[in-house]
2 protein chains.
Amino acid sequence: MPKGEKKKVVVIGVGFGGLQAIKKLSKEEDLEIIAIDKKNHHLFQPLLYQVATAVLSPADIAIPTRSLIGDKKNVTVYLGEVEKVDIQAKKVHFQGHTEDYDYLILAAGAKSGYFGNDHWKKYSIGLKSLKDALSIRTKILTSFEQAELAGDPEVAKKHLNYVIIGGGPTGVELAGSIAELSHEIVRNEFHTIDPALAKITLIEASPRLLASFAPKLSEFAKIRLEKRGVEVLTGTKVLEIDQNGVKIEGRTIPSSTVIWAAGVQANSIGATLGVPTDRMGRVMVDEFCNVEGHPEVFVIGDIANYSKGLEKPLPGVSPVAMQQGRYVASLIRGDLKSKKRKPFHYLDKGSMATIGRQDAVAQVGRFRLRGFFGWVVWLFIHIFYQVGFKNKISIFITWVWSYITFRAEARLIQDEVESNSVGSSQPN
Amino acid sequence: MPKGEKKKVVVIGVGFGGLQAIKKLSKEEDLEIIAIDKKNHHLFQPLLYQVATAVLSPADIAIPTRSLIGDKKNVTVYLGEVEKVDIQAKKVHFQGHTEDYDYLILAAGAKSGYFGNDHWKKYSIGLKSLKDALSIRTKILTSFEQAELAGDPEVAKKHLNYVIIGGGPTGVELAGSIAELSHEIVRNEFHTIDPALAKITLIEASPRLLASFAPKLSEFAKIRLEKRGVEVLTGTKVLEIDQNGVKIEGRTIPSSTVIWAAGVQANSIGATLGVPTDRMGRVMVDEFCNVEGHPEVFVIGDIANYSKGLEKPLPGVSPVAMQQGRYVASLIRGDLKSKKRKPFHYLDKGSMATIGRQDAVAQVGRFRLRGFFGWVVWLFIHIFYQVGFKNKISIFITWVWSYITFRAEARLIQDEVESNSVGSSQPN
């Protein structure tokens with residue numbers, strides 16, 4: 001592809017970080033921007049668990065990347081998976097193509113990580129993509145159907161065991177949401193089984209849920225989840241996951257629906273750079289989000305380990321990625337005007353997690369909210385930060401509707417069953 | 001399952017016909033109703049093409065079956081595929097289970113039919129289910145991405161060939177909608193290719209499109225489609241479909257995106273009854289929608305051949321199925337009161353098809369509409385007949401939004417691409 005005087009910026013990944021960078025860079029007419037992503041959409045990951053639990057639809061939380069940035073004259077979007085970044089030759093290889101760059105922004109995010117137990121992947125589902133969310137949804141909805149077909153409560157019960165591993169915000173939100181779906185929402189719609197037979201277990205290795213929150217909020221979340229029928233096992237290490245369920249110290253929790261929300265691992269593109277990474281595969285960056293010795297290579301968001309001057313690396317949350325995205329874009333624009341670079345500073349705006357209807361925890365600095373008010377704040381923040389006006393409206397209406405009717409209208413198994421695929425599979 | 005004094009009605013299929021029957025039967029407390037479907041949702045098929053062309057989302061046109069009928073005390077819903085109906089023993093076998101019945105309503109619908117050329121199925125996609133629609137969507141969106149990656153217009157062009165086989169309402173609506181998507185909606189969002197390179201071909205074997213409409217409307221639809229850049233080939237027989245594209249008399253139209261909207265075949269459950277069927281596999285029924293000699297077995301909708309006293313069988317359209325569904329429910333309710341059965345009469349309310357934005361044809365008896373007014377009527381009828389209030393709102397908002405912004409926000413490829421899956425596939 002021809003190259004004139006314009007500097008070319010290649011951005012890998014159009015998640016929270018990449019999107020912010022691209023939006024800001026696109027205002028600079030002297031830049032040519034190439035965006036490469038293996039998804040054709042920008043995903044609002046914080047609400048992915050609501051797609052998994054049949055409240056929202058994929059289109060509510062995902063927007064076609066081209067819709068967002070494709071109409072900008074100086075941005076070219078490619079759908080593709082990057083195989084390798086050659087930081088010496090300044091080239092990105094993807095889908096049989098090669099793109100050279102003056103600047104690289106690597107914002108490829110993270111995937112589920114199993115702490116070296118990759119065989120657990122076979123028996124559990126992560127929650128990082130629309131496909132993951134739809135797999136979880138299908139699994140849960142199918143388990144209800146299997147239980148209904150079984151008829152006998154004792155057999156039915158065996159289908160209705162759900163284990164969520166990981167007590168961070170995703171795990172807590174999933175557990176609360178599955179409890180709501182299985183205990184409440186579908187209660188009147190099954191006749192031979194009682195959905196209240198459903199058993200939801202949330203396992204966390206560390207001593208408390210929501211480790212990044214104040215201990216009081218962790219305790220609050222635990223009590224509320226238990227009230228909603230979730231068994232919360234903190235300080236509990238997972239020893240094995242197999243076809244029978246999840247093995248912990250002293251027993252095995254039988255389950256054919258195991259959801260992994262315990263750990264992430266950086267996208268493996270990071271490793272192709274040949275520069276230092278941490279044990280999660282995150283690329284070590286300096287105070288400018290740069291790979292050491294490469295002021296033209298920026299690594300941001302979940303794929304970066306930014307820990308310069310900090311006790312521990314910045315967490316893998318969207319505000320970090322977004323702030324870094326805007327920051328590196330401003331550095332590149334500053335370069336064009338020969339401005340001196342200033343180090344990145346993260347402004348922590350706080351964290352929040354829902355436990356269920358009318359129930360959430362939130363903290364901003366020393367300010368804390370929980371229960372109903374936490375939930376209202378959570379709702380509006382999530383609508384506000386949602387990308388795209390149409391999605392804001394659509395999510396708002398869906399939430400109001402499901403709040404009034406107590407229904408989850410996205411309970412779609414997109415595929416048809418085939419003969420014997422539902423009834424015959426052995427519950428564990 | 002225990003059976004008291006109550007008569008048991010088994011309904012196979014919760015499409016337009018089955019749903020109407022169940023709703024009406026459920027009012028009768030003396031009946032126990034078992035609904036079996038291989039999908040977990042009721043699907044508003046007339047808008048399936050809009051899911052395929054990325055305007056609407058699955059949840060806009062599908063409602064969980066349990067949401068619709070699961071809360072009725074005398075209705076039990078099972079997800080499962082029926083393997084066999086034994087009309088002598090009055091038993092239905094599905095998913096390893098057996099259900100006996102006093103009445104059977106077979107409303108299992110139709111699938112794509114290839115007139116004995118089943119190998120065409122491998123190289124074309126039908127449009128009968130959400131899965132089909134999402135496959136078509138992914139195929140079309142991926143072809144755009146492949147063209148963008150190709151860069152070179154000559155290579156790009158090869159990815160952008162779409163062939164639709166069958167000039168009935170589905171084919172016409174798909175062709176118009178793909179033309180809009182590929183020529184207009186994505187125009188500004190691709191940089192290395194011109195989406196106007198896209199070539200859409202609509203093939204119909206009979207002499208005109210929309211054979212069930214007045215010839216003037218057929219002609220109007222053809223002219224409008226051509227104006228929108230669709231090549232319309234009427235009186236053209238498909239000789240072969242393979243990896244290269246579609247072979248017709250004298251030439252092969254190259255395409256890797258071939259959509260089959262030409263023919264349907266009844267669900268194969270019909271054949272398990274061991275009673276007369278027609279060449280499309282439809283069960284022959286008498287004037288009461290009964291299988292001859294079995295007043296307890298009703299067959300309705302697309303799986304039935306109702307032609308008693310008619311020149312040709314009733315068409316496979318939703319009004320026929322809905323009216324038959326309500327009719328057979330009233331016969332069963334009448335039986336309980338020992339009422340004499342009256343034959344079924346179909347009230348033809350007319351037909352309609354959209355060609356694109358602001359353009360449709362409609363006819364009701366001698367009354368005909370076309371162009372903008374046809375389109376407005378089409379819009380409101382489709383919102384009105386949509387099942388579920390939430391879906392009515394959601395479709396209305398989506399349509400208004402996409403009308404104003406000229407965007408198709410459901411352009412989601414739900415899966416991520418894997419390395420080389422986009423760039424490397426050979427265009428034809």
# chains A, B, ... in the order shown; residues from 1 in each chain; ligands from 1
>>> residues_around(residues="B:Ile253", least_positions_apart="3", cutoff="9 Å", atoms="only C-alpha atoms", output="PyMOL selection string")
chain B and resi 161+163+201+244-248
>>> write_last_selection(atoms="N, CA, C and O atoms", output="CSV table (one decimal), in the first residue's frame")
chain,number,residue,atom,x,y,z
B,161,ASN,N,-20.0,-11.3,-5.2
B,161,ASN,CA,-21.1,-11.9,-6.1
B,161,ASN,C,-22.1,-12.6,-5.2
B,161,ASN,O,-21.7,-13.6,-4.6
B,163,VAL,N,-25.8,-14.6,-5.3
B,163,VAL,CA,-26.9,-15.1,-6.1
B,163,VAL,C,-28.0,-15.6,-5.2
B,163,VAL,O,-27.8,-16.3,-4.2
B,201,THR,N,-27.6,-11.2,-8.1
B,201,THR,CA,-28.4,-11.8,-9.2
B,201,THR,C,-29.5,-12.6,-8.6
B,201,THR,O,-29.3,-13.4,-7.6
B,244,ASN,N,-18.0,-23.3,-7.6
B,244,ASN,CA,-17.8,-22.2,-8.5
B,244,ASN,C,-18.9,-21.2,-8.5
B,244,ASN,O,-18.7,-20.0,-8.9
B,245,GLY,N,-20.1,-21.7,-8.2
B,245,GLY,CA,-21.2,-20.8,-8.3
B,245,GLY,C,-22.4,-21.5,-8.9
B,245,GLY,O,-22.6,-22.7,-8.6
B,246,VAL,N,-23.2,-20.7,-9.6
B,246,VAL,CA,-24.5,-21.3,-10.1
B,246,VAL,C,-24.5,-21.4,-11.6
B,246,VAL,O,-24.3,-20.4,-12.3
B,247,LYS,N,-24.8,-22.6,-12.1
B,247,LYS,CA,-24.8,-22.9,-13.5
B,247,LYS,C,-26.2,-22.7,-14.0
B,247,LYS,O,-27.1,-23.3,-13.5
B,248,ILE,N,-26.3,-21.8,-15.0
B,248,ILE,CA,-27.6,-21.7,-15.7
B,248,ILE,C,-27.3,-22.0,-17.2
B,248,ILE,O,-26.2,-22.1,-17.6
>>> residues_around(residues="A:Met322", least_positions_apart="3", cutoff="12 Å", atoms="only C-alpha atoms", output="PyMOL selection string")
chain A and resi 14-24+107+300-302+316-319+325-329+346-348+385
>>> interface_residues(of="chain A", to="chain B", cutoff="7 Å", atoms="only C-alpha atoms", output="PyMOL selection string")
chain A and resi 38-41+57+59+63-64+66+70-71+76+78-81+83+95-96+130-131+145+149+188-191+409-420+422-424
>>> write_last_selection(atoms="C-alpha atoms", output="PDB file, in the first residue's frame")
ATOM      1  CA  LYS A  38     -10.198 -10.211  14.761  1.00  0.00           C
ATOM      2  CA  LYS A  39     -13.751  -9.247  15.646  1.00  0.00           C
ATOM      3  CA  ASN A  40     -15.865  -7.121  13.344  1.00  0.00           C
ATOM      4  CA  HIS A  41     -17.332  -5.281  16.311  1.00  0.00           C
ATOM      5  CA  SER A  57     -28.781  -9.483  22.887  1.00  0.00           C
ATOM      6  CA  ALA A  59     -26.463  -6.247  19.164  1.00  0.00           C
ATOM      7  CA  ILE A  63     -21.344  -2.195  17.464  1.00  0.00           C
ATOM      8  CA  PRO A  64     -19.827  -2.937  14.070  1.00  0.00           C
ATOM      9  CA  ARG A  66     -16.928   0.071  10.688  1.00  0.00           C
ATOM     10  CA  GLY A  70     -15.105   3.177   9.163  1.00  0.00           C
ATOM     11  CA  ASP A  71     -16.466   6.449   7.830  1.00  0.00           C
ATOM     12  CA  THR A  76      -8.824   1.863   7.265  1.00  0.00           C
ATOM     13  CA  TYR A  78      -9.271  -4.714   8.454  1.00  0.00           C
ATOM     14  CA  LEU A  79     -10.834  -7.832   9.906  1.00  0.00           C
ATOM     15  CA  GLY A  80      -8.045 -10.221  10.697  1.00  0.00           C
ATOM     16  CA  GLU A  81      -5.969 -11.923  13.316  1.00  0.00           C
ATOM     17  CA  GLU A  83       0.101 -13.445  13.581  1.00  0.00           C
ATOM     18  CA  GLN A  95      -4.130 -12.809   7.249  1.00  0.00           C
ATOM     19  CA  GLY A  96      -1.355 -13.217   4.707  1.00  0.00           C
ATOM     20  CA  LEU A 130     -19.961 -12.829  22.135  1.00  0.00           C
ATOM     21  CA  LYS A 131     -19.366 -16.429  21.186  1.00  0.00           C
ATOM     22  CA  GLU A 145     -34.801 -28.041  29.085  1.00  0.00           C
ATOM     23  CA  LEU A 149     -37.605 -33.476  30.063  1.00  0.00           C
ATOM     24  CA  ASN A 188     -43.629 -20.304  36.215  1.00  0.00           C
ATOM     25  CA  GLU A 189     -42.638 -21.562  32.824  1.00  0.00           C
ATOM     26  CA  PHE A 190     -41.528 -25.062  33.744  1.00  0.00           C
ATOM     27  CA  HIS A 191     -44.057 -27.617  34.904  1.00  0.00           C
ATOM     28  CA  GLU A 409     -36.636 -12.175  26.430  1.00  0.00           C
ATOM     29  CA  ALA A 410     -33.248 -12.969  24.950  1.00  0.00           C
ATOM     30  CA  ARG A 411     -33.589 -16.584  26.060  1.00  0.00           C
ATOM     31  CA  LEU A 412     -32.807 -17.829  22.591  1.00  0.00           C
ATOM     32  CA  ILE A 413     -30.995 -20.989  21.727  1.00  0.00           C
ATOM     33  CA  GLN A 414     -30.051 -19.875  18.241  1.00  0.00           C
ATOM     34  CA  ASP A 415     -29.537 -23.394  17.040  1.00  0.00           C
ATOM     35  CA  GLU A 416     -32.183 -26.062  16.683  1.00  0.00           C
ATOM     36  CA  VAL A 417     -31.798 -29.238  18.693  1.00  0.00           C
ATOM     37  CA  GLU A 418     -31.199 -32.402  16.866  1.00  0.00           C
ATOM     38  CA  SER A 419     -32.784 -35.660  17.743  1.00  0.00           C
ATOM     39  CA  ASN A 420     -31.473 -36.960  21.067  1.00  0.00           C
ATOM     40  CA  VAL A 422     -31.156 -32.814  24.601  1.00  0.00           C
ATOM     41  CA  GLY A 423     -32.652 -35.822  26.315  1.00  0.00           C
ATOM     42  CA  SER A 424     -29.915 -38.331  25.950  1.00  0.00           C
TER      43      SER A 424
END
>>> residues_around(residues="A:Arg279", least_positions_apart="6", cutoff="10 Å", atoms="only C-alpha atoms", output="PyMOL selection string")
chain A and resi 115+265-266
>>> residues_around(residues="B:Cys289", least_positions_apart="4", cutoff="9 Å", atoms="only C-alpha atoms", output="number ranges by chain")
B: 284-285, 295, 297-300, 304-306, 324, 327-328, 343-344
>>> write_last_selection(atoms="C-alpha atoms", output="CSV table (one decimal), in the first residue's frame")
chain,number,residue,atom,x,y,z
B,284,MET,CA,-52.7,-34.9,2.5
B,285,VAL,CA,-55.5,-33.8,4.7
B,295,PRO,CA,-60.4,-37.5,13.2
B,297,VAL,CA,-54.9,-36.3,13.9
B,298,PHE,CA,-54.7,-32.8,12.5
B,299,VAL,CA,-52.0,-31.6,10.2
B,300,ILE,CA,-51.8,-27.8,9.5
B,304,ALA,CA,-50.1,-30.1,5.2
B,305,ASN,CA,-51.5,-30.3,1.7
B,306,TYR,CA,-55.0,-28.9,2.0
B,324,GLN,CA,-55.9,-23.6,10.5
B,327,TYR,CA,-59.7,-23.8,13.4
B,328,VAL,CA,-58.5,-27.2,14.6
B,343,PRO,CA,-65.0,-27.8,7.1
B,344,PHE,CA,-62.1,-25.3,7.1
>>> residues_around(residues="stretch 171-184 of chain A", least_positions_apart="2", cutoff="8 Å", atoms="only C-alpha atoms", output="ChimeraX atom specification")
/A:49-50,53,164-169,186-187,195-198,200-202,209-210,221,225,228-230,261-262,353-356,408
>>> select_by_dssp(residues="stretch 281-386 of chain B", states="alpha helix (DSSP H)", output="PyMOL selection string")
chain B and resi 318-336+371-385
>>> write_last_selection(atoms="N, CA, C and O atoms", output="compact mmCIF listing (two decimals), in the first residue's frame")
# COMPACT_ATOMS: atom_id res chain seq x y z
N SER B 318 -48.06 -17.81 6.38
CA SER B 318 -48.48 -17.78 7.78
C SER B 318 -49.99 -17.65 7.98
O SER B 318 -50.53 -18.29 8.88
N PRO B 319 -50.70 -16.85 7.17
CA PRO B 319 -52.15 -16.76 7.44
C PRO B 319 -52.86 -18.10 7.34
O PRO B 319 -53.77 -18.38 8.13
N VAL B 320 -52.45 -18.95 6.39
CA VAL B 320 -53.06 -20.28 6.29
C VAL B 320 -52.82 -21.05 7.58
O VAL B 320 -53.75 -21.59 8.19
N ALA B 321 -51.57 -21.08 8.03
CA ALA B 321 -51.23 -21.83 9.24
C ALA B 321 -51.98 -21.29 10.46
O ALA B 321 -52.52 -22.06 11.25
N MET B 322 -52.02 -19.97 10.59
CA MET B 322 -52.69 -19.38 11.75
C MET B 322 -54.18 -19.69 11.75
O MET B 322 -54.74 -20.06 12.78
N GLN B 323 -54.80 -19.54 10.59
CA GLN B 323 -56.24 -19.82 10.52
C GLN B 323 -56.52 -21.30 10.77
O GLN B 323 -57.48 -21.66 11.46
N GLN B 324 -55.67 -22.17 10.24
CA GLN B 324 -55.86 -23.60 10.49
C GLN B 324 -55.63 -23.93 11.97
O GLN B 324 -56.32 -24.77 12.54
N GLY B 325 -54.65 -23.27 12.58
CA GLY B 325 -54.37 -23.50 14.00
C GLY B 325 -55.59 -23.17 14.86
O GLY B 325 -56.00 -23.96 15.72
N ARG B 326 -56.17 -22.00 14.59
CA ARG B 326 -57.36 -21.62 15.36
C ARG B 326 -58.54 -22.56 15.05
O ARG B 326 -59.30 -22.93 15.94
N TYR B 327 -58.61 -22.95 13.77
CA TYR B 327 -59.72 -23.82 13.35
C TYR B 327 -59.67 -25.19 14.05
O TYR B 327 -60.66 -25.64 14.63
N VAL B 328 -58.51 -25.83 14.02
CA VAL B 328 -58.46 -27.18 14.62
C VAL B 328 -58.64 -27.10 16.14
O VAL B 328 -59.22 -28.00 16.74
N ALA B 329 -58.17 -26.01 16.74
CA ALA B 329 -58.40 -25.85 18.18
C ALA B 329 -59.90 -25.76 18.46
O ALA B 329 -60.40 -26.35 19.42
N SER B 330 -60.61 -25.05 17.59
CA SER B 330 -62.05 -24.92 17.83
C SER B 330 -62.77 -26.25 17.58
O SER B 330 -63.75 -26.56 18.24
N LEU B 331 -62.26 -27.05 16.64
CA LEU B 331 -62.86 -28.38 16.42
C LEU B 331 -62.70 -29.24 17.67
O LEU B 331 -63.63 -29.92 18.10
N ILE B 332 -61.49 -29.21 18.25
CA ILE B 332 -61.24 -30.04 19.44
C ILE B 332 -62.12 -29.56 20.61
O ILE B 332 -62.74 -30.37 21.31
N ARG B 333 -62.19 -28.25 20.77
CA ARG B 333 -63.04 -27.72 21.82
C ARG B 333 -64.51 -28.08 21.55
O ARG B 333 -65.28 -28.35 22.47
N GLY B 334 -64.87 -28.07 20.25
CA GLY B 334 -66.25 -28.44 19.87
C GLY B 334 -66.54 -29.90 20.18
O GLY B 334 -67.63 -30.24 20.65
N ASP B 335 -65.54 -30.76 19.97
CA ASP B 335 -65.70 -32.19 20.28
C ASP B 335 -66.11 -32.39 21.74
O ASP B 335 -66.94 -33.25 22.06
N LEU B 336 -65.49 -31.61 22.62
CA LEU B 336 -65.79 -31.75 24.05
C LEU B 336 -67.26 -31.47 24.32
O LEU B 336 -67.84 -31.98 25.26
N GLY B 371 -44.87 0.75 -4.28
CA GLY B 371 -44.02 1.90 -3.98
C GLY B 371 -44.11 2.31 -2.52
O GLY B 371 -44.24 1.46 -1.63
N PHE B 372 -44.09 3.58 -2.26
CA PHE B 372 -44.01 4.11 -0.91
C PHE B 372 -45.19 3.69 -0.04
O PHE B 372 -45.02 3.26 1.10
N PHE B 373 -46.40 3.80 -0.59
CA PHE B 373 -47.57 3.47 0.23
C PHE B 373 -47.62 1.98 0.55
O PHE B 373 -47.98 1.59 1.65
N GLY B 374 -47.22 1.18 -0.42
CA GLY B 374 -47.13 -0.25 -0.17
C GLY B 374 -46.16 -0.53 0.97
O GLY B 374 -46.41 -1.37 1.85
N TRP B 375 -45.08 0.24 0.99
CA TRP B 375 -44.04 0.04 1.99
C TRP B 375 -44.54 0.43 3.39
O TRP B 375 -44.33 -0.28 4.36
N VAL B 376 -45.25 1.56 3.47
CA VAL B 376 -45.78 2.00 4.77
C VAL B 376 -46.77 0.97 5.31
O VAL B 376 -46.71 0.59 6.49
N VAL B 377 -47.63 0.48 4.43
CA VAL B 377 -48.60 -0.54 4.86
C VAL B 377 -47.85 -1.79 5.31
O VAL B 377 -48.13 -2.35 6.36
N TRP B 378 -46.85 -2.19 4.52
CA TRP B 378 -46.04 -3.35 4.86
C TRP B 378 -45.44 -3.20 6.26
O TRP B 378 -45.51 -4.10 7.09
N LEU B 379 -44.85 -2.03 6.51
CA LEU B 379 -44.21 -1.76 7.81
C LEU B 379 -45.18 -1.97 8.96
O LEU B 379 -44.89 -2.70 9.91
N PHE B 380 -46.34 -1.33 8.87
CA PHE B 380 -47.25 -1.39 10.00
C PHE B 380 -47.87 -2.76 10.18
O PHE B 380 -48.06 -3.22 11.30
N ILE B 381 -48.17 -3.42 9.06
CA ILE B 381 -48.71 -4.79 9.16
C ILE B 381 -47.70 -5.69 9.87
O ILE B 381 -48.04 -6.49 10.73
N HIS B 382 -46.41 -5.55 9.50
CA HIS B 382 -45.41 -6.44 10.08
C HIS B 382 -45.15 -6.12 11.54
O HIS B 382 -44.80 -7.01 12.31
N ILE B 383 -45.31 -4.88 11.92
CA ILE B 383 -45.18 -4.57 13.35
C ILE B 383 -46.42 -5.07 14.09
O ILE B 383 -46.33 -5.66 15.16
N PHE B 384 -47.58 -4.87 13.47
CA PHE B 384 -48.84 -5.26 14.11
C PHE B 384 -48.88 -6.77 14.36
O PHE B 384 -49.25 -7.22 15.45
N TYR B 385 -48.49 -7.55 13.37
CA TYR B 385 -48.58 -9.01 13.49
C TYR B 385 -47.40 -9.62 14.25
O TYR B 385 -47.37 -10.81 14.53
>>> closest_residue(among="A:Thr234, A:Ser338, A:Ser351, A:Ser124", to="A:Thr257", atoms="only C-alpha atoms")
A:Ser124
>>> select_by_dssp(residues="stretch 136-256 of chain B", states="strand (DSSP E)", output="list in words")
Asn161, Tyr162, Val163, Ile164, Ile165, Lys199, Ile200, Thr201, Leu202, Ile203, Val230, Glu231, Val232, Leu233, Val238, Leu239, Glu240, Ile241, Asp242, Gly245, Val246, Lys247, Ile248, Arg251, Thr252, Ile253 and Pro254 of chain B
>>> atom_distance(atom1="atom CA of B:Lys122", atom2="atom CA of B:Gly235")
24.3 Å
